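Chemist: input-v1.cif is reproduced below (mmCIF, C-alpha atoms and all ligand atoms).
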data_model
loop_
_atom_site.group_PDB
_atom_site.id
_atom_site.type_symbol
_atom_site.label_atom_id
_atom_site.label_comp_id
_atom_site.auth_asym_id
_atom_site.auth_seq_id
_atom_site.Cartn_x
_atom_site.Cartn_y
_atom_site.Cartn_z
ATOM 1 C CA MET A 298 0.000 0.000 0.000
ATOM 2 C CA PRO A 299 1.502 3.372 -0.956
ATOM 3 C CA ALA A 300 2.121 5.664 2.007
ATOM 4 C CA GLY A 301 1.783 9.423 2.053
ATOM 5 C CA LEU A 302 -0.132 11.661 -0.297
ATOM 6 C CA GLU A 303 -0.482 10.759 -3.974
ATOM 7 C CA VAL A 304 -1.956 13.188 -6.474
ATOM 8 C CA ARG A 305 -2.581 12.071 -10.040
ATOM 9 C CA GLY A 306 -3.883 14.070 -12.995
ATOM 10 C CA LEU A 307 -5.562 16.732 -10.881
ATOM 11 C CA CYS A 308 -7.424 19.213 -13.100
ATOM 12 C CA LYS A 309 -9.343 22.387 -12.360
ATOM 13 C CA ARG A 310 -10.220 25.499 -14.298
ATOM 14 C CA PHE A 311 -12.141 28.597 -13.291
ATOM 15 C CA GLY A 312 -13.484 29.899 -16.595
ATOM 16 C CA GLY A 313 -10.378 30.620 -18.645
ATOM 17 C CA ILE A 314 -7.954 30.245 -15.715
ATOM 18 C CA VAL A 315 -6.332 26.827 -15.383
ATOM 19 C CA VAL A 316 -5.288 26.341 -11.739
ATOM 20 C CA ALA A 317 -4.482 22.629 -11.991
ATOM 21 C CA ASP A 318 -3.306 21.186 -15.294
ATOM 22 C CA ALA A 319 -2.987 17.423 -14.800
ATOM 23 C CA MET A 320 -1.058 18.189 -11.606
ATOM 24 C CA GLU A 321 0.921 15.283 -10.134
ATOM 25 C CA LEU A 322 2.675 15.260 -6.768
ATOM 26 C CA ASP A 323 3.739 12.686 -4.186
ATOM 27 C CA LEU A 324 4.435 13.587 -0.566
ATOM 28 C CA ALA A 325 6.216 10.859 1.376
ATOM 29 C CA PRO A 326 5.925 10.307 5.141
ATOM 30 C CA GLY A 327 8.580 12.207 7.073
ATOM 31 C CA ARG A 328 9.610 14.380 4.112
ATOM 32 C CA ILE A 329 9.331 18.161 3.990
ATOM 33 C CA VAL A 330 8.586 19.420 0.488
ATOM 34 C CA GLY A 331 8.646 23.116 -0.427
ATOM 35 C CA LEU A 332 6.133 24.190 -3.060
ATOM 36 C CA ILE A 333 7.272 27.358 -4.782
ATOM 37 C CA GLY A 334 6.092 29.331 -7.772
ATOM 38 C CA PRO A 335 4.912 32.836 -8.719
ATOM 39 C CA ASN A 336 1.674 34.460 -7.573
ATOM 40 C CA GLY A 337 -1.254 32.778 -9.252
ATOM 41 C CA ALA A 338 0.663 29.567 -10.068
ATOM 42 C CA GLY A 339 -2.082 27.550 -8.354
ATOM 43 C CA LYS A 340 -0.368 26.657 -5.063
ATOM 44 C CA THR A 341 -3.275 27.551 -2.774
ATOM 45 C CA SER A 342 -5.691 26.062 -5.305
ATOM 46 C CA PHE A 343 -3.703 22.831 -5.094
ATOM 47 C CA PHE A 344 -4.244 22.762 -1.304
ATOM 48 C CA ASN A 345 -7.943 23.594 -1.811
ATOM 49 C CA LEU A 346 -8.351 20.754 -4.285
ATOM 50 C CA VAL A 347 -6.475 18.195 -2.208
ATOM 51 C CA THR A 348 -8.349 19.042 1.013
ATOM 52 C CA GLY A 349 -11.769 19.071 -0.637
ATOM 53 C CA VAL A 350 -12.432 22.812 -0.312
ATOM 54 C CA VAL A 351 -12.689 23.015 -4.101
ATOM 55 C CA ARG A 352 -14.040 20.223 -6.311
ATOM 56 C CA PRO A 353 -11.648 19.168 -9.057
ATOM 57 C CA ASP A 354 -12.759 18.691 -12.673
ATOM 58 C CA GLY A 355 -10.782 15.443 -12.684
ATOM 59 C CA GLY A 356 -7.938 13.501 -11.142
ATOM 60 C CA ARG A 357 -7.286 11.377 -8.052
ATOM 61 C CA VAL A 358 -5.959 12.017 -4.573
ATOM 62 C CA SER A 359 -5.099 9.337 -2.019
ATOM 63 C CA LEU A 360 -3.595 9.342 1.462
ATOM 64 C CA ASP A 361 -1.792 6.247 2.736
ATOM 65 C CA GLY A 362 -3.447 4.273 -0.049
ATOM 66 C CA ARG A 363 -6.991 5.430 0.710
ATOM 67 C CA ALA A 364 -8.823 7.315 -2.030
ATOM 68 C CA LEU A 365 -9.924 10.794 -0.959
ATOM 69 C CA THR A 366 -11.673 11.691 -4.189
ATOM 70 C CA GLY A 367 -15.261 12.749 -3.541
ATOM 71 C CA LEU A 368 -14.878 12.840 0.247
ATOM 72 C CA HIS A 369 -15.992 15.841 2.285
ATOM 73 C CA ILE A 370 -13.420 18.150 3.952
ATOM 74 C CA HIS A 371 -14.172 16.664 7.393
ATOM 75 C CA GLN A 372 -13.842 13.102 6.152
ATOM 76 C CA ARG A 373 -10.430 13.918 4.677
ATOM 77 C CA ALA A 374 -9.428 15.548 7.959
ATOM 78 C CA ARG A 375 -10.455 12.431 9.861
ATOM 79 C CA LEU A 376 -8.256 10.362 7.550
ATOM 80 C CA GLY A 377 -5.294 12.537 8.509
ATOM 81 C CA LEU A 378 -5.155 15.418 6.037
ATOM 82 C CA SER A 379 -4.675 18.859 7.528
ATOM 83 C CA ARG A 380 -3.818 22.359 6.340
ATOM 84 C CA THR A 381 -3.256 25.933 7.422
ATOM 85 C CA TRP A 382 -4.600 28.987 5.613
ATOM 86 C CA GLN A 383 -2.708 31.731 3.818
ATOM 87 C CA ASN A 384 -4.887 34.306 5.638
ATOM 88 C CA LEU A 385 -4.922 32.505 9.009
ATOM 89 C CA ARG A 386 -8.721 32.273 9.493
ATOM 90 C CA LEU A 387 -8.510 32.348 13.285
ATOM 91 C CA PHE A 388 -11.369 33.605 15.447
ATOM 92 C CA PRO A 389 -9.812 36.810 16.876
ATOM 93 C CA SER A 390 -12.108 37.215 19.883
ATOM 94 C CA LEU A 391 -11.668 33.613 21.054
ATOM 95 C CA SER A 392 -8.801 32.399 23.197
ATOM 96 C CA VAL A 393 -5.899 30.497 21.668
ATOM 97 C CA LEU A 394 -7.221 27.313 23.309
ATOM 98 C CA ASP A 395 -10.757 27.784 21.969
ATOM 99 C CA ASN A 396 -9.361 28.351 18.477
ATOM 100 C CA LEU A 397 -7.962 24.829 18.683
ATOM 101 C CA LEU A 398 -11.167 23.377 20.099
ATOM 102 C CA ILE A 399 -13.668 24.999 17.763
ATOM 103 C CA GLY A 400 -14.407 22.913 14.725
ATOM 104 C CA ALA A 401 -11.306 20.838 15.332
ATOM 105 C CA ARG A 402 -13.308 17.688 14.917
ATOM 106 C CA VAL A 403 -16.837 16.534 14.432
ATOM 107 C CA TYR A 404 -18.025 15.947 17.969
ATOM 108 C CA PRO A 405 -19.378 12.492 18.671
ATOM 109 C CA GLY A 406 -22.463 14.239 20.101
ATOM 110 C CA GLU A 407 -23.435 15.187 16.564
ATOM 111 C CA SER A 408 -24.235 11.628 15.614
ATOM 112 C CA LEU A 409 -27.485 9.937 16.571
ATOM 113 C CA PRO A 410 -25.894 6.901 18.277
ATOM 114 C CA ALA A 411 -23.776 9.260 20.355
ATOM 115 C CA LEU A 412 -26.798 11.307 21.379
ATOM 116 C CA ILE A 413 -28.484 8.120 22.522
ATOM 117 C CA ALA A 414 -25.317 7.087 24.367
ATOM 118 C CA GLY A 415 -25.802 10.218 26.449
ATOM 119 C CA PRO A 416 -24.044 13.422 27.475
ATOM 120 C CA GLY A 417 -21.388 11.692 29.572
ATOM 121 C CA ARG A 418 -19.611 10.455 26.499
ATOM 122 C CA LEU A 419 -19.738 13.892 24.915
ATOM 123 C CA ARG A 420 -18.256 15.469 28.048
ATOM 124 C CA ARG A 421 -15.450 12.896 28.031
ATOM 125 C CA ALA A 422 -14.740 13.598 24.341
ATOM 126 C CA GLU A 423 -14.626 17.345 25.047
ATOM 127 C CA ALA A 424 -12.304 16.808 27.984
ATOM 128 C CA ALA A 425 -10.046 14.652 25.801
ATOM 129 C CA ASP A 426 -9.961 17.390 23.130
ATOM 130 C CA ARG A 427 -9.062 19.966 25.755
ATOM 131 C CA THR A 428 -6.238 17.818 27.116
ATOM 132 C CA GLN A 429 -4.957 17.236 23.598
ATOM 133 C CA ALA A 430 -5.138 20.963 22.717
ATOM 134 C CA LEU A 431 -3.259 21.948 25.874
ATOM 135 C CA ASP A 432 -0.661 19.296 25.103
ATOM 136 C CA ILE A 433 -0.136 20.645 21.569
ATOM 137 C CA LEU A 434 0.121 24.226 22.891
ATOM 138 C CA GLU A 435 2.647 23.079 25.493
ATOM 139 C CA ARG A 436 4.791 21.325 22.881
ATOM 140 C CA MET A 437 4.699 24.425 20.663
ATOM 141 C CA GLY A 438 5.654 26.804 23.466
ATOM 142 C CA LEU A 439 2.201 28.404 23.452
ATOM 143 C CA ALA A 440 0.937 27.179 26.845
ATOM 144 C CA GLY A 441 1.461 30.635 28.341
ATOM 145 C CA VAL A 442 -1.041 32.229 25.945
ATOM 146 C CA ALA A 443 -3.633 29.400 25.958
ATOM 147 C CA HIS A 444 -6.241 31.612 27.633
ATOM 148 C CA THR A 445 -5.362 34.860 25.826
ATOM 149 C CA ASP A 446 -7.532 36.175 22.998
ATOM 150 C CA VAL A 447 -5.760 35.205 19.806
ATOM 151 C CA ALA A 448 -5.938 38.810 18.498
ATOM 152 C CA SER A 449 -3.792 39.927 21.460
ATOM 153 C CA VAL A 450 -0.818 37.628 20.797
ATOM 154 C CA PRO A 451 2.011 38.649 18.435
ATOM 155 C CA PHE A 452 1.470 37.801 14.766
ATOM 156 C CA GLY A 453 4.245 35.200 14.713
ATOM 157 C CA GLN A 454 2.515 33.346 17.534
ATOM 158 C CA GLN A 455 -0.812 33.597 15.701
ATOM 159 C CA LYS A 456 0.815 31.762 12.803
ATOM 160 C CA LEU A 457 1.921 29.071 15.247
ATOM 161 C CA VAL A 458 -1.645 28.862 16.558
ATOM 162 C CA GLY A 459 -2.746 28.182 12.975
ATOM 163 C CA VAL A 460 -0.284 25.282 12.841
ATOM 164 C CA ALA A 461 -1.341 24.084 16.303
ATOM 165 C CA ARG A 462 -4.980 23.990 15.213
ATOM 166 C CA ALA A 463 -4.023 21.927 12.167
ATOM 167 C CA LEU A 464 -2.524 19.305 14.509
ATOM 168 C CA MET A 465 -5.771 18.601 16.368
ATOM 169 C CA ASN A 466 -6.735 15.802 13.978
ATOM 170 C CA GLU A 467 -3.312 14.145 14.371
ATOM 171 C CA PRO A 468 -2.487 14.558 10.675
ATOM 172 C CA ARG A 469 -0.552 12.105 8.519
ATOM 173 C CA CYS A 470 -0.085 14.876 5.951
ATOM 174 C CA LEU A 471 0.156 18.582 6.716
ATOM 175 C CA LEU A 472 -0.138 21.369 4.124
ATOM 176 C CA LEU A 473 1.169 24.782 5.222
ATOM 177 C CA ASP A 474 0.168 27.808 3.150
ATOM 178 C CA GLU A 475 2.705 30.631 3.606
ATOM 179 C CA PRO A 476 3.530 30.024 7.274
ATOM 180 C CA MET A 477 6.150 32.802 7.160
ATOM 181 C CA ALA A 478 4.154 35.582 5.476
ATOM 182 C CA GLY A 479 4.283 38.593 7.788
ATOM 183 C CA VAL A 480 6.462 36.780 10.342
ATOM 184 C CA GLU A 481 9.831 37.914 11.584
ATOM 185 C CA GLY A 482 12.328 37.234 14.334
ATOM 186 C CA HIS A 483 11.853 34.426 16.825
ATOM 187 C CA ALA A 484 8.851 32.839 15.083
ATOM 188 C CA TYR A 485 11.084 31.909 12.134
ATOM 189 C CA GLU A 486 13.004 29.334 14.201
ATOM 190 C CA ALA A 487 9.911 28.321 16.151
ATOM 191 C CA ILE A 488 7.977 27.410 12.991
ATOM 192 C CA GLN A 489 10.948 25.575 11.471
ATOM 193 C CA ASP A 490 11.456 23.662 14.703
ATOM 194 C CA VAL A 491 7.805 22.585 14.867
ATOM 195 C CA VAL A 492 7.769 21.432 11.235
ATOM 196 C CA ARG A 493 10.995 19.431 11.668
ATOM 197 C CA ARG A 494 9.629 17.670 14.732
ATOM 198 C CA LEU A 495 6.421 16.768 12.868
ATOM 199 C CA ALA A 496 8.402 15.324 9.973
ATOM 200 C CA ALA A 497 10.556 13.357 12.420
ATOM 201 C CA ARG A 498 7.333 11.719 13.624
ATOM 202 C CA GLY A 499 6.630 10.540 10.059
ATOM 203 C CA ILE A 500 4.218 13.232 8.936
ATOM 204 C CA ALA A 501 4.380 14.232 5.255
ATOM 205 C CA VAL A 502 4.715 18.027 5.080
ATOM 206 C CA CYS A 503 4.235 20.390 2.142
ATOM 207 C CA VAL A 504 5.095 24.061 2.636
ATOM 208 C CA VAL A 505 4.041 26.825 0.248
ATOM 209 C CA GLU A 506 6.220 29.863 0.836
ATOM 210 C CA HIS A 507 7.597 32.886 -1.034
ATOM 211 C CA ASN A 508 10.424 33.202 1.506
ATOM 212 C CA VAL A 509 12.916 31.105 -0.462
ATOM 213 C CA ALA A 510 15.559 31.161 2.286
ATOM 214 C CA PHE A 511 13.021 29.605 4.651
ATOM 215 C CA ILE A 512 12.227 26.889 2.121
ATOM 216 C CA ARG A 513 15.923 26.251 1.451
ATOM 217 C CA ASP A 514 16.716 25.956 5.187
ATOM 218 C CA LEU A 515 13.763 23.741 6.009
ATOM 219 C CA CYS A 516 12.829 21.512 3.107
ATOM 220 C CA ASP A 517 14.287 18.186 1.970
ATOM 221 C CA GLU A 518 13.374 19.105 -1.596
ATOM 222 C CA GLY A 519 11.536 21.677 -3.651
ATOM 223 C CA VAL A 520 8.815 21.574 -6.261
ATOM 224 C CA PHE A 521 8.405 24.429 -8.733
ATOM 225 C CA MET A 522 4.852 25.058 -9.835
ATOM 226 C CA PHE A 523 3.689 27.244 -12.707
ATOM 227 C CA ALA A 524 0.261 27.549 -14.344
ATOM 228 C CA GLY A 525 -1.181 24.567 -12.501
ATOM 229 C CA LYS A 526 1.706 22.217 -13.295
ATOM 230 C CA VAL A 527 4.853 20.918 -11.649
ATOM 231 C CA LEU A 528 7.695 22.140 -13.858
ATOM 232 C CA ALA A 529 10.614 20.862 -11.797
ATOM 233 C CA ARG A 530 11.413 18.931 -8.638
ATOM 234 C CA GLY A 531 14.777 18.732 -6.906
ATOM 235 C CA SER A 532 16.999 20.409 -4.360
ATOM 236 C CA VAL A 533 15.853 23.943 -3.534
ATOM 237 C CA GLU A 534 19.359 25.209 -4.424
ATOM 238 C CA ASP A 535 19.084 23.747 -7.911
ATOM 239 C CA LEU A 536 15.591 25.151 -8.451
ATOM 240 C CA ILE A 537 16.533 28.695 -7.466
ATOM 241 C CA ALA A 538 19.723 28.513 -9.539
ATOM 242 C CA ASP A 539 17.770 27.551 -12.680
ATOM 243 C CA PRO A 540 17.522 30.716 -14.845
ATOM 244 C CA ARG A 541 14.476 29.371 -16.671
ATOM 245 C CA LEU A 542 12.571 29.066 -13.361
ATOM 246 C CA THR A 543 13.739 32.393 -11.897
ATOM 247 C CA GLU A 544 12.614 34.076 -15.130
ATOM 248 C CA LEU A 545 9.153 32.519 -14.644
ATOM 249 C CA TYR A 546 9.153 33.454 -10.948
ATOM 250 C CA PHE A 547 10.121 37.080 -11.333
ATOM 251 C CA GLY A 548 9.259 37.760 -14.949
ATOM 252 C CA THR A 549 5.513 37.381 -14.590
HETATM 253 N N1 LIG B 601 -12.507 30.301 -6.521
HETATM 254 C C1 LIG B 601 -11.880 30.885 -7.551
HETATM 255 N N2 LIG B 601 -12.571 31.404 -8.578
HETATM 256 C C2 LIG B 601 -11.943 31.993 -9.613
HETATM 257 N N3 LIG B 601 -10.607 32.082 -9.740
HETATM 258 C C3 LIG B 601 -9.866 31.578 -8.749
HETATM 259 C C4 LIG B 601 -10.443 30.940 -7.609
HETATM 260 N N4 LIG B 601 -9.441 30.514 -6.796
HETATM 261 C C5 LIG B 601 -8.295 30.882 -7.392
HETATM 262 N N5 LIG B 601 -8.538 31.513 -8.569
HETATM 263 C C6 LIG B 601 -7.519 32.013 -9.510
HETATM 264 O O1 LIG B 601 -6.647 30.954 -9.774
HETATM 265 C C7 LIG B 601 -5.301 31.420 -9.919
HETATM 266 C C8 LIG B 601 -4.407 30.658 -8.963
HETATM 267 O O2 LIG B 601 -4.668 31.114 -7.641
HETATM 268 P P1 LIG B 601 -3.954 30.532 -6.360
HETATM 269 O O3 LIG B 601 -4.538 31.250 -5.199
HETATM 270 O O4 LIG B 601 -4.040 29.073 -6.360
HETATM 271 O O5 LIG B 601 -2.454 30.987 -6.605
HETATM 272 P P2 LIG B 601 -1.170 30.883 -5.660
HETATM 273 O O6 LIG B 601 -0.133 30.134 -6.395
HETATM 274 O O7 LIG B 601 -1.565 30.409 -4.316
HETATM 275 O O8 LIG B 601 -0.709 32.414 -5.587
HETATM 276 P P3 LIG B 601 -0.107 33.286 -4.363
HETATM 277 O O9 LIG B 601 1.370 32.991 -4.334
HETATM 278 O O10 LIG B 601 -0.374 34.702 -4.769
HETATM 279 O O11 LIG B 601 -0.817 32.903 -3.108
HETATM 280 C C9 LIG B 601 -5.357 32.922 -9.679
HETATM 281 O O12 LIG B 601 -5.392 33.568 -10.923
HETATM 282 C C10 LIG B 601 -6.631 33.108 -8.900
HETATM 283 O O13 LIG B 601 -7.175 34.387 -9.112
HETATM 284 MG MG MG B 602 -1.593 31.207 -2.447
#
Please express the file's structure as C-alpha cells.
Modeler:
Amino acid sequence: MPAGLEVRGLCKRFGGIVVADAMELDLAPGRIVGLIGPNGAGKTSFFNLVTGVVRPDGGRVSLDGRALTGLHIHQRARLGLSRTWQNLRLFPSLSVLDNLLIGARVYPGESLPALIAGPGRLRRAEAADRTQALDILERMGLAGVAHTDVASVPFGQQKLVGVARALMNEPRCLLLDEPMAGVEGHAYEAIQDVVRRLAARGIAVCVVEHNVAFIRDLCDEGVFMFAGKVLARGSVEDLIADPRLTELYFGT
C-alpha cells in the first residue's frame, strides 16, 4: 500500500484560468517538500483541491493508499489530512485554546448513536480534546497564551496557533500555506522547529512559501509550480539557480 499523499492528474479550471493542469505530486511520510512558484501559479488552489475545499474537474488524490476523491473536507481531515490557511482564518475574539477546540473535529455528540449514548460520552470527548489541545500548545511553546484572545498575541505566535490547530486531527499529511508571510524574528526558528519535529514523527509536510531562504533551510526538496503544473522537482538550491525558473518566478 503506498504511504503518504499521492496526487494524479488533478485538473481544475475557473473559466479561462487553469489552476491545476494534470497536476501530479507525491508527498512521502517524514519528508518536507517546499512548493514554490509565482503568484497565481495555483499553489493555494492545489491545497484547496487536495483538502476538498474546491471540487476538481478530474484527477485522483489518495492518502496512505486510501482514495480521498469525492470525500468531504471533514472526512479527509479524519483520515489525517490537515492544512493551514494563507490568511490565518482564526477567530480573533476567542482564546488560543478555543481556536484549537472549535471545529477541530466533528463531535461524537453530533451523531445519533452518540446522542443516545448520552451526554457523559460527549463530556469525556470534550475533555479529551481539551487535554490534547493543551498538550499541543505546550509542545509548541504556546501554553502561556492558551487563555489569551488570539488577536492579542504577536502575529508570529498567531501563525503558530494556525499550525497548532491543524494538529488537532493528528495529521498524517500537513499542508502549510505561507507560514512565514508577515512573520519575523523568533517565530522563524519556532515554525521551522515545529515542522521538523512533525516530519521526524513521520508526517508528510508540504510548505508553500515565497520566503525562499526559509524553504531552502527547512525543506528536503523543492517543487516548482507554474500555471497549474509541476515544472521541476529537486533540491531547492538547484531550483533557485535555474535561470528558466527564476525568469518565470520574477518575470511574470
Ligand atoms: N474560486 C476561484 N474562482 C476563480 N478564480 C480563482 C479561484 N481561486 C483561485 N482563482 C484564480 O486561480 C489562480 C491561482 O490562484 P492561487 O490562489 O491558487 O495561486 P497561488 O499560487 O496560491 O498564488 P499566491 O502565491 O499569490 O498565493 C489565480 O489567478 C486566482 O485568481
Ligand atoms: Mg496562495
Chemist: In Å, with one decimal, what is the gap from atom O1 of ligand LIG 601 (chain B) to CA of Asn345 in chain A?
Modeler: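 So the two atoms, atom O1 of ligand LIG 601 (chain B) and CA of Asn345 in chain A, lie 10.9 Å apart.
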Chemist: CA of Ala448 in chain A to CA of Asn384 in chain A: how many Å, to one decimal?
Modeler: 13.7 Å
Chemist: What's the separation between CA of Thr445 in chain A and CA of Ile399 in chain A, in Å to one decimal place?
Modeler: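 Rounded to one decimal, the two atoms are 15.2 Å apart.
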Chemist: Using the chain letters and numbers from this file, what does the PyMOL selection byres (((not hetatm)) within 10 of (chain B and resi 601)) select? Give the answer as number ranges by chain.
Modeler: A: 309-317, 332-346, 350-351, 383-384, 474-475, 505-507, 522-525
Chemist: How would the residues just chosen look if you wrote them out with C-alpha atoms as a PDB file, in the coordinates of the input?
Modeler:
ATOM      1  CA  LYS A 309      -9.343  22.387 -12.360  1.00  0.00           C
ATOM      2  CA  ARG A 310     -10.220  25.499 -14.298  1.00  0.00           C
ATOM      3  CA  PHE A 311     -12.141  28.597 -13.291  1.00  0.00           C
ATOM      4  CA  GLY A 312     -13.484  29.899 -16.595  1.00  0.00           C
ATOM      5  CA  GLY A 313     -10.378  30.620 -18.645  1.00  0.00           C
ATOM      6  CA  ILE A 314      -7.954  30.245 -15.715  1.00  0.00           C
ATOM      7  CA  VAL A 315      -6.332  26.827 -15.383  1.00  0.00           C
ATOM      8  CA  VAL A 316      -5.288  26.341 -11.739  1.00  0.00           C
ATOM      9  CA  ALA A 317      -4.482  22.629 -11.991  1.00  0.00           C
ATOM     10  CA  LEU A 332       6.133  24.190  -3.060  1.00  0.00           C
ATOM     11  CA  ILE A 333       7.272  27.358  -4.782  1.00  0.00           C
ATOM     12  CA  GLY A 334       6.092  29.331  -7.772  1.00  0.00           C
ATOM     13  CA  PRO A 335       4.912  32.836  -8.719  1.00  0.00           C
ATOM     14  CA  ASN A 336       1.674  34.460  -7.573  1.00  0.00           C
ATOM     15  CA  GLY A 337      -1.254  32.778  -9.252  1.00  0.00           C
ATOM     16  CA  ALA A 338       0.663  29.567 -10.068  1.00  0.00           C
ATOM     17  CA  GLY A 339      -2.082  27.550  -8.354  1.00  0.00           C
ATOM     18  CA  LYS A 340      -0.368  26.657  -5.063  1.00  0.00           C
ATOM     19  CA  THR A 341      -3.275  27.551  -2.774  1.00  0.00           C
ATOM     20  CA  SER A 342      -5.691  26.062  -5.305  1.00  0.00           C
ATOM     21  CA  PHE A 343      -3.703  22.831  -5.094  1.00  0.00           C
ATOM     22  CA  PHE A 344      -4.244  22.762  -1.304  1.00  0.00           C
ATOM     23  CA  ASN A 345      -7.943  23.594  -1.811  1.00  0.00           C
ATOM     24  CA  LEU A 346      -8.351  20.754  -4.285  1.00  0.00           C
ATOM     25  CA  VAL A 350     -12.432  22.812  -0.312  1.00  0.00           C
ATOM     26  CA  VAL A 351     -12.689  23.015  -4.101  1.00  0.00           C
ATOM     27  CA  GLN A 383      -2.708  31.731   3.818  1.00  0.00           C
ATOM     28  CA  ASN A 384      -4.887  34.306   5.638  1.00  0.00           C
ATOM     29  CA  ASP A 474       0.168  27.808   3.150  1.00  0.00           C
ATOM     30  CA  GLU A 475       2.705  30.631   3.606  1.00  0.00           C
ATOM     31  CA  VAL A 505       4.041  26.825   0.248  1.00  0.00           C
ATOM     32  CA  GLU A 506       6.220  29.863   0.836  1.00  0.00           C
ATOM     33  CA  HIS A 507       7.597  32.886  -1.034  1.00  0.00           C
ATOM     34  CA  MET A 522       4.852  25.058  -9.835  1.00  0.00           C
ATOM     35  CA  PHE A 523       3.689  27.244 -12.707  1.00  0.00           C
ATOM     36  CA  ALA A 524       0.261  27.549 -14.344  1.00  0.00           C
ATOM     37  CA  GLY A 525      -1.181  24.567 -12.501  1.00  0.00           C
TER      38      GLY A 525
END
Chemist: Here's the selection I'm unsure about, the PyMOL selection byres (((chain A and resi 464-473) around 6) and not hetatm); applied to the file above, which residues does it give, as a list in words?
Modeler: Gly377, Leu378, Ser379, Arg380, Thr381, Ala461, Arg462, Ala463, Asp474, Ile500, Ala501, Val502, Cys503 and Val504 of chain A
